[in-house]
$ cat start-v5.cif   # mmCIF, C-alpha atoms
data_upload
loop_
_atom_site.group_PDB
_atom_site.id
_atom_site.type_symbol
_atom_site.label_atom_id
_atom_site.label_comp_id
_atom_site.auth_asym_id
_atom_site.auth_seq_id
_atom_site.Cartn_x
_atom_site.Cartn_y
_atom_site.Cartn_z
ATOM 1 C CA MET A 13 0.000 0.000 0.000
ATOM 2 C CA ALA A 14 1.397 3.466 -0.924
ATOM 3 C CA GLY A 15 2.655 5.591 1.957
ATOM 4 C CA THR A 16 3.356 2.655 4.256
ATOM 5 C CA ILE A 17 6.164 2.846 6.789
ATOM 6 C CA VAL A 18 7.184 -0.460 8.288
ATOM 7 C CA ALA A 19 8.870 -0.023 11.651
ATOM 8 C CA ASP A 20 9.009 -1.973 14.876
ATOM 9 C CA THR A 21 10.509 0.847 16.930
ATOM 10 C CA LEU A 22 10.234 4.636 17.096
ATOM 11 C CA THR A 23 13.332 6.332 18.485
ATOM 12 C CA HIS A 24 13.518 9.923 19.753
ATOM 13 C CA SER A 25 16.904 11.687 19.618
ATOM 14 C CA THR A 26 17.033 12.091 23.407
ATOM 15 C CA ALA A 27 13.895 10.650 24.986
ATOM 16 C CA GLY A 28 14.473 7.002 24.088
ATOM 17 C CA SER A 29 12.560 4.417 22.064
ATOM 18 C CA VAL A 30 9.131 2.892 22.009
ATOM 19 C CA SER A 31 7.892 -0.190 20.222
ATOM 20 C CA THR A 32 5.282 0.503 17.540
ATOM 21 C CA GLU A 33 3.333 -2.300 19.174
ATOM 22 C CA TYR A 34 2.195 0.286 21.735
ATOM 23 C CA PRO A 35 0.190 2.484 19.338
ATOM 24 C CA VAL A 36 -0.937 -0.546 17.305
ATOM 25 C CA LYS A 37 -2.300 -2.446 20.306
ATOM 26 C CA GLY A 38 -3.079 0.511 22.529
ATOM 27 C CA SER A 39 -5.208 2.645 20.248
ATOM 28 C CA ALA A 40 -8.989 2.503 20.197
ATOM 29 C CA LYS A 41 -10.337 -0.090 17.751
ATOM 30 C CA ALA A 42 -13.892 1.184 17.472
ATOM 31 C CA ARG A 43 -15.917 4.251 18.348
ATOM 32 C CA ILE A 44 -19.408 5.632 18.050
ATOM 33 C CA GLU A 45 -21.098 8.957 18.736
ATOM 34 C CA LYS A 46 -24.862 8.686 18.612
ATOM 35 C CA THR A 47 -28.133 10.176 19.667
ATOM 36 C CA GLY A 48 -29.243 9.142 23.135
ATOM 37 C CA ASP A 49 -32.389 7.487 21.798
ATOM 38 C CA ASN A 50 -30.192 5.183 19.689
ATOM 39 C CA SER A 51 -32.021 6.149 16.525
ATOM 40 C CA THR A 52 -28.952 7.548 14.745
ATOM 41 C CA ASN A 53 -25.224 7.077 14.940
ATOM 42 C CA ARG A 54 -23.653 10.305 13.841
ATOM 43 C CA GLU A 55 -19.976 9.408 13.790
ATOM 44 C CA SER A 56 -18.295 6.054 14.084
ATOM 45 C CA PHE A 57 -15.507 3.718 13.149
ATOM 46 C CA ASN A 58 -15.529 -0.085 12.882
ATOM 47 C CA VAL A 59 -19.251 -0.214 13.658
ATOM 48 C CA SER A 60 -21.641 -2.102 11.404
ATOM 49 C CA SER A 61 -24.922 -1.308 13.113
ATOM 50 C CA LEU A 62 -26.626 0.130 16.136
ATOM 51 C CA SER A 63 -29.475 -1.636 17.870
ATOM 52 C CA ASP A 64 -32.066 0.355 19.809
ATOM 53 C CA ASP A 65 -33.039 -2.216 22.443
ATOM 54 C CA GLY A 66 -35.550 -0.085 24.342
ATOM 55 C CA ALA A 67 -35.473 3.088 26.402
ATOM 56 C CA GLY A 68 -31.902 3.707 27.528
ATOM 57 C CA LYS A 69 -30.564 0.442 26.074
ATOM 58 C CA CYS A 70 -28.551 -0.223 22.958
ATOM 59 C CA GLY A 71 -26.241 -2.690 21.267
ATOM 60 C CA VAL A 72 -23.250 -1.758 19.136
ATOM 61 C CA ASN A 73 -22.113 -4.266 16.484
ATOM 62 C CA PHE A 74 -18.572 -4.290 15.137
ATOM 63 C CA THR A 75 -17.355 -4.828 11.577
ATOM 64 C CA SER A 76 -13.919 -6.166 12.534
ATOM 65 C CA PHE A 77 -14.378 -8.391 15.573
ATOM 66 C CA PHE A 78 -12.331 -8.269 18.738
ATOM 67 C CA SER A 79 -10.212 -11.329 19.427
ATOM 68 C CA THR A 80 -11.820 -11.877 22.830
ATOM 69 C CA ALA A 81 -14.855 -10.467 24.613
ATOM 70 C CA ARG A 82 -12.539 -8.850 27.164
ATOM 71 C CA TYR A 83 -12.136 -5.567 25.299
ATOM 72 C CA VAL A 84 -12.715 -2.351 27.205
ATOM 73 C CA PRO A 85 -15.479 0.128 26.392
ATOM 74 C CA THR A 86 -15.503 3.613 27.868
ATOM 75 C CA GLY A 87 -17.582 6.643 27.100
ATOM 76 C CA SER A 88 -19.807 9.479 28.128
ATOM 77 C CA ALA A 89 -23.449 10.475 28.017
ATOM 78 C CA SER A 90 -25.040 13.902 28.067
ATOM 79 C CA PHE A 91 -27.945 14.934 30.259
ATOM 80 C CA LEU A 92 -31.252 15.034 28.467
ATOM 81 C CA THR A 93 -32.526 17.708 30.833
ATOM 82 C CA ASP A 94 -31.018 19.531 33.798
ATOM 83 C CA SER A 95 -33.430 17.806 36.166
ATOM 84 C CA HIS A 96 -32.051 14.348 35.414
ATOM 85 C CA ASP A 97 -28.976 12.776 36.853
ATOM 86 C CA TYR A 98 -27.857 10.488 34.070
ATOM 87 C CA ARG A 99 -25.074 8.061 34.670
ATOM 88 C CA GLN A 100 -23.880 5.761 32.019
ATOM 89 C CA TYR A 101 -23.552 2.164 33.059
ATOM 90 C CA LEU A 102 -21.139 1.138 30.361
ATOM 91 C CA SER A 103 -20.347 -2.550 30.264
ATOM 92 C CA ILE A 104 -23.054 -3.354 32.762
ATOM 93 C CA LEU A 105 -25.948 -5.142 31.186
ATOM 94 C CA TYR A 106 -29.556 -5.050 32.226
ATOM 95 C CA HIS A 107 -29.693 -8.707 33.246
ATOM 96 C CA ASN A 108 -27.185 -9.631 35.907
ATOM 97 C CA ASN A 109 -23.995 -8.563 34.212
ATOM 98 C CA LEU A 110 -22.441 -7.952 30.854
ATOM 99 C CA ASP A 111 -20.440 -11.161 30.754
ATOM 100 C CA GLU A 112 -23.590 -13.099 29.942
ATOM 101 C CA THR A 113 -24.195 -11.493 26.582
ATOM 102 C CA ARG A 114 -21.184 -9.456 25.536
ATOM 103 C CA THR A 115 -19.452 -11.014 22.544
ATOM 104 C CA THR A 116 -16.506 -10.244 20.322
ATOM 105 C CA SER A 117 -18.970 -8.760 17.840
ATOM 106 C CA GLU A 118 -21.454 -6.841 19.988
ATOM 107 C CA CYS A 119 -21.459 -4.762 23.148
ATOM 108 C CA HIS A 120 -24.528 -3.603 25.062
ATOM 109 C CA HIS A 121 -24.848 -0.338 26.921
ATOM 110 C CA GLY A 122 -27.374 1.462 28.977
ATOM 111 C CA THR A 123 -28.070 4.897 30.432
ATOM 112 C CA TRP A 124 -29.704 5.003 33.804
ATOM 113 C CA SER A 125 -31.620 7.463 35.931
ATOM 114 C CA SER A 126 -33.512 5.355 38.511
ATOM 115 C CA THR A 127 -34.491 3.230 35.525
ATOM 116 C CA TYR A 128 -33.129 2.840 32.009
ATOM 117 C CA GLU A 129 -33.787 6.099 30.199
ATOM 118 C CA ASP A 130 -32.616 7.727 26.994
ATOM 119 C CA ALA A 131 -29.784 10.201 27.388
ATOM 120 C CA GLY A 132 -29.219 13.274 25.223
ATOM 121 C CA SER A 133 -26.295 11.735 23.367
ATOM 122 C CA GLN A 134 -23.602 9.115 23.912
ATOM 123 C CA GLY A 135 -20.026 8.637 22.831
ATOM 124 C CA ILE A 136 -18.247 5.307 23.336
ATOM 125 C CA VAL A 137 -14.774 4.042 22.418
ATOM 126 C CA TYR A 138 -13.502 0.467 22.589
ATOM 127 C CA PHE A 139 -9.995 -0.730 23.365
ATOM 128 C CA GLY A 140 -8.703 -4.237 22.834
ATOM 129 C CA ASP A 141 -7.052 -6.578 20.352
ATOM 130 C CA LEU A 142 -8.778 -7.399 17.088
ATOM 131 C CA ALA A 143 -9.311 -10.878 15.699
ATOM 132 C CA MET B 22 -13.369 5.765 -6.807
ATOM 133 C CA GLU B 23 -12.020 2.301 -7.390
ATOM 134 C CA THR B 24 -11.498 0.074 -4.374
ATOM 135 C CA PRO B 25 -7.934 -1.243 -4.037
ATOM 136 C CA LYS B 26 -7.463 -5.008 -4.184
ATOM 137 C CA PHE B 27 -8.042 -5.692 -0.522
ATOM 138 C CA GLN B 28 -7.964 -9.481 -0.240
ATOM 139 C CA GLY B 29 -5.260 -10.204 2.328
ATOM 140 C CA THR B 30 -5.424 -6.708 3.829
ATOM 141 C CA HIS B 31 -6.544 -6.549 7.467
ATOM 142 C CA LEU B 32 -10.209 -5.556 7.629
ATOM 143 C CA PHE B 33 -9.354 -2.748 10.050
ATOM 144 C CA ASP B 34 -7.007 -1.233 7.455
ATOM 145 C CA ARG B 35 -9.732 -1.459 4.825
ATOM 146 C CA LEU B 36 -12.069 0.444 7.131
ATOM 147 C CA CYS B 37 -9.372 3.101 7.551
ATOM 148 C CA TRP B 38 -9.215 3.445 3.768
ATOM 149 C CA ALA B 39 -13.002 3.655 3.531
ATOM 150 C CA LYS B 40 -13.187 6.307 6.255
ATOM 151 C CA GLU B 41 -10.663 8.388 4.376
ATOM 152 C CA ASN B 42 -12.066 7.958 0.899
ATOM 153 C CA LEU B 43 -15.804 7.217 0.958
ATOM 154 C CA GLU B 44 -18.792 9.436 1.668
ATOM 155 C CA SER B 45 -20.818 8.085 4.573
ATOM 156 C CA TYR B 46 -24.379 7.073 3.780
ATOM 157 C CA GLN B 47 -27.220 7.238 6.291
ATOM 158 C CA SER B 48 -29.845 4.697 5.303
ATOM 159 C CA ASP B 49 -33.516 5.324 6.062
ATOM 160 C CA TYR B 50 -34.141 1.591 6.408
ATOM 161 C CA ARG B 51 -34.690 0.164 9.855
ATOM 162 C CA VAL B 52 -35.004 -3.476 10.879
ATOM 163 C CA VAL B 53 -37.551 -4.067 13.613
ATOM 164 C CA TYR B 54 -37.272 -7.459 15.272
ATOM 165 C CA GLU B 55 -38.591 -9.385 18.216
ATOM 166 C CA ASP B 56 -35.871 -11.096 20.231
ATOM 167 C CA SER B 57 -38.202 -12.189 23.019
ATOM 168 C CA VAL B 58 -41.974 -12.074 23.342
ATOM 169 C CA ASP B 59 -41.495 -10.706 26.851
ATOM 170 C CA GLU B 60 -39.525 -7.699 25.674
ATOM 171 C CA CYS B 61 -40.202 -4.762 23.407
ATOM 172 C CA VAL B 62 -38.943 -4.939 19.831
ATOM 173 C CA LYS B 63 -35.405 -3.939 18.946
ATOM 174 C CA VAL B 64 -34.672 -1.603 16.068
ATOM 175 C CA LEU B 65 -31.479 -2.070 14.074
ATOM 176 C CA SER B 66 -30.007 0.716 11.967
ATOM 177 C CA ALA B 67 -27.045 0.363 9.626
ATOM 178 C CA ASP B 68 -23.956 2.348 10.448
ATOM 179 C CA LEU B 69 -23.361 5.187 8.013
ATOM 180 C CA ASN B 70 -19.728 4.249 7.293
ATOM 181 C CA TRP B 71 -20.495 0.554 7.093
ATOM 182 C CA MET B 72 -23.222 1.270 4.538
ATOM 183 C CA ALA B 73 -20.745 3.241 2.444
ATOM 184 C CA CYS B 74 -18.461 0.174 2.438
ATOM 185 C CA ALA B 75 -21.322 -2.131 1.455
ATOM 186 C CA LEU B 76 -22.387 0.103 -1.440
ATOM 187 C CA GLN B 77 -18.795 0.553 -2.625
ATOM 188 C CA GLY B 78 -17.873 -3.137 -2.719
ATOM 189 C CA GLY B 79 -14.504 -4.828 -2.354
ATOM 190 C CA ILE B 80 -14.189 -4.079 1.373
ATOM 191 C CA LEU B 81 -16.446 -6.294 3.478
ATOM 192 C CA PRO B 82 -16.020 -10.060 3.830
ATOM 193 C CA PRO B 83 -18.858 -12.392 2.860
ATOM 194 C CA VAL B 84 -21.367 -12.853 5.656
ATOM 195 C CA TRP B 85 -20.528 -16.554 6.069
ATOM 196 C CA VAL B 86 -17.205 -15.463 7.552
ATOM 197 C CA TYR B 87 -19.037 -13.840 10.448
ATOM 198 C CA HIS B 88 -21.135 -16.956 10.911
ATOM 199 C CA GLU B 89 -17.993 -19.091 11.129
ATOM 200 C CA LEU B 90 -16.532 -16.806 13.791
ATOM 201 C CA ALA B 91 -19.831 -16.823 15.664
ATOM 202 C CA LYS B 92 -19.761 -20.632 15.600
ATOM 203 C CA ASP B 93 -16.281 -20.597 17.096
ATOM 204 C CA GLU B 94 -17.353 -18.199 19.812
ATOM 205 C CA ALA B 95 -20.361 -20.349 20.671
ATOM 206 C CA GLN B 96 -18.089 -23.226 21.667
ATOM 207 C CA PRO B 97 -18.041 -23.711 25.451
ATOM 208 C CA ASP B 98 -14.243 -23.691 25.563
ATOM 209 C CA PHE B 99 -13.906 -20.542 23.448
ATOM 210 C CA LYS B 100 -11.283 -18.143 24.737
ATOM 211 C CA LYS B 101 -9.985 -16.275 21.713
ATOM 212 C CA HIS B 102 -10.595 -16.154 17.972
ATOM 213 C CA THR B 103 -8.044 -18.254 16.099
ATOM 214 C CA ARG B 104 -9.643 -17.898 12.668
ATOM 215 C CA GLY B 105 -9.653 -14.115 12.460
ATOM 216 C CA TYR B 106 -7.741 -14.528 9.205
ATOM 217 C CA LEU B 107 -11.076 -15.356 7.575
ATOM 218 C CA LEU B 108 -12.003 -11.677 7.913
ATOM 219 C CA HIS B 109 -8.829 -10.575 6.185
ATOM 220 C CA GLN B 110 -7.923 -13.357 3.743
ATOM 221 C CA THR B 111 -11.327 -14.158 2.260
ATOM 222 C CA GLU B 112 -12.138 -12.390 -0.979
ATOM 223 C CA PRO B 113 -14.326 -9.339 -0.220
ATOM 224 C CA ILE B 114 -17.841 -9.123 -1.599
ATOM 225 C CA GLY B 115 -18.733 -6.831 -4.477
ATOM 226 C CA PRO B 116 -20.985 -3.772 -4.290
ATOM 227 C CA LEU B 117 -24.454 -4.255 -2.798
ATOM 228 C CA THR B 118 -27.637 -2.297 -3.286
ATOM 229 C CA GLU B 119 -29.021 -0.623 -0.180
ATOM 230 C CA LYS B 120 -31.624 -3.363 0.225
ATOM 231 C CA GLN B 121 -29.037 -6.120 -0.227
ATOM 232 C CA ALA B 122 -26.872 -4.402 2.355
ATOM 233 C CA VAL B 123 -29.722 -4.402 4.860
ATOM 234 C CA GLU B 124 -30.314 -8.103 4.196
ATOM 235 C CA TYR B 125 -26.597 -8.774 4.736
ATOM 236 C CA LEU B 126 -26.714 -6.808 7.966
ATOM 237 C CA ILE B 127 -29.700 -8.785 9.203
ATOM 238 C CA GLN B 128 -27.714 -11.983 8.736
ATOM 239 C CA LYS B 129 -24.635 -10.492 10.376
ATOM 240 C CA ASP B 130 -26.032 -8.624 13.375
ATOM 241 C CA ILE B 131 -29.365 -10.211 14.238
ATOM 242 C CA PRO B 132 -29.449 -13.622 15.948
ATOM 243 C CA GLN B 133 -29.978 -16.433 13.467
ATOM 244 C CA HIS B 134 -32.933 -17.907 15.325
ATOM 245 C CA ILE B 135 -34.844 -14.732 14.486
ATOM 246 C CA TRP B 136 -34.156 -14.307 10.771
ATOM 247 C CA ARG B 137 -33.971 -17.983 9.816
ATOM 248 C CA ASN B 138 -37.563 -18.529 10.945
ATOM 249 C CA TRP B 139 -38.798 -15.003 10.398
ATOM 250 C CA ASN B 140 -42.197 -16.003 9.012
ATOM 251 C CA GLU B 141 -42.976 -18.946 11.261
ATOM 252 C CA GLY B 142 -45.524 -18.486 14.005
ATOM 253 C CA ASN B 143 -48.544 -16.229 14.166
ATOM 254 C CA LYS B 144 -46.846 -13.100 12.892
ATOM 255 C CA PRO B 145 -43.488 -11.978 11.501
ATOM 256 C CA LYS B 146 -40.691 -11.625 14.023
ATOM 257 C CA ILE B 147 -38.752 -9.253 11.807
ATOM 258 C CA VAL B 148 -39.789 -6.363 9.572
ATOM 259 C CA ILE B 149 -37.809 -4.010 7.338
ATOM 260 C CA CYS B 150 -39.318 -0.555 7.281
ATOM 261 C CA ARG B 151 -38.455 3.077 6.753
ATOM 262 C CA LYS B 152 -37.488 5.295 9.646
ATOM 263 C CA GLU B 153 -40.661 7.359 9.284
ATOM 264 C CA GLN B 154 -42.781 4.249 9.761
ATOM 265 C CA LEU B 155 -41.643 3.959 13.363
ATOM 266 C CA PRO B 156 -43.608 5.749 16.087
ATOM 267 C CA ALA B 157 -42.782 9.436 16.092
ATOM 268 C CA THR B 158 -42.138 9.662 19.839
ATOM 269 C CA ARG B 159 -40.409 7.347 22.319
ATOM 270 C CA GLU B 160 -42.860 7.932 25.158
ATOM 271 C CA TRP B 161 -43.956 4.273 25.090
ATOM 272 C CA ARG B 162 -40.705 2.846 23.694
ATOM 273 C CA ASN B 163 -40.705 -0.138 26.029
ATOM 274 C CA SER B 164 -44.126 -1.168 24.728
ATOM 275 C CA TRP B 165 -43.283 -1.224 21.041
ATOM 276 C CA LYS B 166 -44.344 -4.476 19.364
ATOM 277 C CA ILE B 167 -44.657 -5.556 15.756
ATOM 278 C CA SER B 168 -48.228 -4.888 14.707
ATOM 279 C CA ASP B 169 -50.426 -7.996 14.498
ATOM 280 C CA ASP B 170 -52.103 -6.802 11.313
ATOM 281 C CA LEU B 171 -49.056 -5.333 9.636
ATOM 282 C CA GLN B 172 -49.721 -3.948 6.174
ATOM 283 C CA ILE B 173 -47.381 -2.217 3.760
ATOM 284 C CA GLU B 174 -47.432 1.537 4.420
ATOM 285 C CA ASP B 175 -48.571 0.960 8.027
ATOM 286 C CA LYS B 176 -46.455 1.896 10.983
ATOM 287 C CA ALA B 177 -44.109 -0.990 11.739
ATOM 288 C CA ALA B 178 -44.367 -0.926 15.534
#
$ encode --input "start-v5.cif" --output "structure tokens"
Amino acid sequence: MAGTIVADTLTHSTAGSVSTEYPVKGSAKARIEKTGDNSTNRESFNVSSLSDDGAGKCGVNFTSFFSTARYVPTGSASFLTDSHDYRQYLSILYHNNLDETRTTSECHHGTWSSTYEDAGSQGIVYFGDLA
Amino acid sequence: METPKFQGTHLFDRLCWAKENLESYQSDYRVVYEDSVDECVKVLSADLNWMACALQGGILPPVWVYHELAKDEAQPDFKKHTRGYLLHQTEPIGPLTEKQAVEYLIQKDIPQHIWRNWNEGNKPKIVICRKEQLPATREWRNSWKISDDLQIEDKAA
């Protein structure tokens, strides 16, 4: 591919060296920025679809799968109104815990304010190794 | 724009190329499906960058690749994918129409037990509709069901 640099190590003139494995393995492998009602994903990478699973619940499907289901999602959610105290329960599923249904291809999320409720918007990134 | 010959290129790298070179496409199609009779319906929407890849062709692997990986993951002793190369080494599919892309996505992202037997039982468990056919507000979102007497041009849920 044109413009490709193949290197195993990056070396700074004074600060030392770092293996290129760090940015390759350490960078986010997927991301999504979407409306809080899960009706529209507005910006994304490595996402094939978004599933609106009910008020405050969604599933994000990946195009290039993770190698294991032990990848790490993190993100943020905006308040829908000032009177609500939204907290995003990323990686915690509605039934017991996420481990029961999270797969290498799909991750479920929810936004919570005494019950599952739609947030104003959500942004989520995923870290981990790809298959 | 012509898609480079991507067979053998990591799927992630293909997506990087697509992000850089293709216009995203927001489809109006939605897939409404019933995962459990005890729960409200789920509504699947295609990702705007993924849809651009599907329409372009030469980027995405055939859907059977995803089914093979899903089979591996369903094994009780599954720990890690060992056949990820299928995503990268298998010849990519050609360009799809928007409808074909939605059908592909159904087979990729919706559980097989739903779409394989979509028309068995008293009513369809899965419906493709347009965004505007969904209820306009989410006030009763957790009560959405597929209509019993679904007709073309009706609201889907």
$ resolve_selection --input "start-v5.cif" --expression "the PyMOL selection byres ((chain A) within 10 of (chain B))" --output "VMD selection string"
chain A and resid 13 41 to 42 44 49 to 82 115 to 118 130 142 to 143
$ resolve_selection --input "start-v5.cif" --expression "the PyMOL selection byres ((chain B and resi 146-150) around 9)" --output "list in words"
Asp49, Tyr50, Arg51, Val52, Val53, Tyr54, Glu55, Asp56, Val123, Ile135, Trp136, Asn138, Trp139, Asn140, Glu141, Gly142, Lys144, Pro145, Arg151, Lys152, Glu153, Gln154, Leu155, Ile167, Ile173, Glu174, Lys176 and Ala177 of chain B
$ atom_distance --input "start-v5.cif" --atom1 "CA of Thr47 (chain A)" --atom2 "CA of Ala89 (chain A)"
9.6 Å
$ resolve_selection --input "start-v5.cif" --expression "the PyMOL selection byres ((chain A and resi 29-37) around 8)" --output "ChimeraX atom specification"
/A:19-24,27-28,38-39,140-141
$ closest_residue --input "start-v5.cif" --among "B:Pro83, B:Pro132, B:Gly29, B:Gly78" --to "Thr118 (chain B)" --atoms "all atoms listed in the file"
B:Gly78
$ atom_distance --input "start-v5.cif" --atom1 "CA of Thr111 (chain B)" --atom2 "CA of Glu44 (chain B)"
24.8 Å
$ build_atoms --input "start-v5.cif" --residues "region 109-132 of chain B" --atoms "N, CA and C atoms" --output "mmCIF file, keeping the file's coordinate frame"
data_model
loop_
_atom_site.group_PDB
_atom_site.id
_atom_site.type_symbol
_atom_site.label_atom_id
_atom_site.label_comp_id
_atom_site.auth_asym_id
_atom_site.auth_seq_id
_atom_site.Cartn_x
_atom_site.Cartn_y
_atom_site.Cartn_z
ATOM 1 N N HIS B 109 -9.818 -11.333 6.946
ATOM 2 C CA HIS B 109 -8.829 -10.575 6.185
ATOM 3 C C HIS B 109 -8.399 -11.266 4.886
ATOM 4 N N GLN B 110 -8.443 -12.603 4.897
ATOM 5 C CA GLN B 110 -7.923 -13.357 3.743
ATOM 6 C C GLN B 110 -9.004 -13.724 2.730
ATOM 7 N N THR B 111 -10.258 -13.769 3.181
ATOM 8 C CA THR B 111 -11.327 -14.158 2.260
ATOM 9 C C THR B 111 -11.606 -13.030 1.272
ATOM 10 N N GLU B 112 -11.887 -13.417 0.036
ATOM 11 C CA GLU B 112 -12.138 -12.390 -0.979
ATOM 12 C C GLU B 112 -13.344 -11.539 -0.586
ATOM 13 N N PRO B 113 -13.202 -10.207 -0.602
ATOM 14 C CA PRO B 113 -14.326 -9.339 -0.220
ATOM 15 C C PRO B 113 -15.485 -9.454 -1.204
ATOM 16 N N ILE B 114 -16.659 -9.101 -0.732
ATOM 17 C CA ILE B 114 -17.841 -9.123 -1.599
ATOM 18 C C ILE B 114 -17.871 -7.868 -2.471
ATOM 19 N N GLY B 115 -18.593 -7.971 -3.567
ATOM 20 C CA GLY B 115 -18.733 -6.831 -4.477
ATOM 21 C C GLY B 115 -19.750 -5.829 -3.951
ATOM 22 N N PRO B 116 -20.036 -4.799 -4.748
ATOM 23 C CA PRO B 116 -20.985 -3.772 -4.290
ATOM 24 C C PRO B 116 -22.395 -4.321 -4.102
ATOM 25 N N LEU B 117 -23.081 -3.850 -3.076
ATOM 26 C CA LEU B 117 -24.454 -4.255 -2.798
ATOM 27 C C LEU B 117 -25.382 -3.067 -3.028
ATOM 28 N N THR B 118 -26.635 -3.355 -3.320
ATOM 29 C CA THR B 118 -27.637 -2.297 -3.286
ATOM 30 C C THR B 118 -27.966 -2.023 -1.824
ATOM 31 N N GLU B 119 -28.680 -0.949 -1.566
ATOM 32 C CA GLU B 119 -29.021 -0.623 -0.180
ATOM 33 C C GLU B 119 -29.849 -1.741 0.455
ATOM 34 N N LYS B 120 -30.781 -2.289 -0.316
ATOM 35 C CA LYS B 120 -31.624 -3.363 0.225
ATOM 36 C C LYS B 120 -30.794 -4.620 0.491
ATOM 37 N N GLN B 121 -29.900 -4.947 -0.432
ATOM 38 C CA GLN B 121 -29.037 -6.120 -0.227
ATOM 39 C C GLN B 121 -28.151 -5.922 1.007
ATOM 40 N N ALA B 122 -27.710 -4.694 1.192
ATOM 41 C CA ALA B 122 -26.872 -4.402 2.355
ATOM 42 C C ALA B 122 -27.645 -4.610 3.657
ATOM 43 N N VAL B 123 -28.900 -4.208 3.658
ATOM 44 C CA VAL B 123 -29.722 -4.402 4.860
ATOM 45 C C VAL B 123 -29.924 -5.896 5.115
ATOM 46 N N GLU B 124 -30.138 -6.651 4.039
ATOM 47 C CA GLU B 124 -30.314 -8.103 4.196
ATOM 48 C C GLU B 124 -29.025 -8.757 4.734
ATOM 49 N N TYR B 125 -27.900 -8.295 4.234
ATOM 50 C CA TYR B 125 -26.597 -8.774 4.736
ATOM 51 C C TYR B 125 -26.487 -8.459 6.226
ATOM 52 N N LEU B 126 -26.850 -7.247 6.577
ATOM 53 C CA LEU B 126 -26.714 -6.808 7.966
ATOM 54 C C LEU B 126 -27.612 -7.610 8.895
ATOM 55 N N ILE B 127 -28.794 -7.951 8.408
ATOM 56 C CA ILE B 127 -29.700 -8.785 9.203
ATOM 57 C C ILE B 127 -28.999 -10.109 9.538
ATOM 58 N N GLN B 128 -28.374 -10.690 8.523
ATOM 59 C CA GLN B 128 -27.714 -11.983 8.736
ATOM 60 C C GLN B 128 -26.457 -11.859 9.588
ATOM 61 N N LYS B 129 -25.851 -10.677 9.575
ATOM 62 C CA LYS B 129 -24.635 -10.492 10.376
ATOM 63 C C LYS B 129 -24.949 -10.151 11.833
ATOM 64 N N ASP B 130 -25.886 -9.227 12.048
ATOM 65 C CA ASP B 130 -26.032 -8.624 13.375
ATOM 66 C C ASP B 130 -27.287 -9.020 14.144
ATOM 67 N N ILE B 131 -28.165 -9.767 13.527
ATOM 68 C CA ILE B 131 -29.365 -10.211 14.238
ATOM 69 C C ILE B 131 -29.249 -11.718 14.469
ATOM 70 N N PRO B 132 -29.596 -12.189 15.666
ATOM 71 C CA PRO B 132 -29.449 -13.622 15.948
ATOM 72 C C PRO B 132 -30.149 -14.493 14.901
#
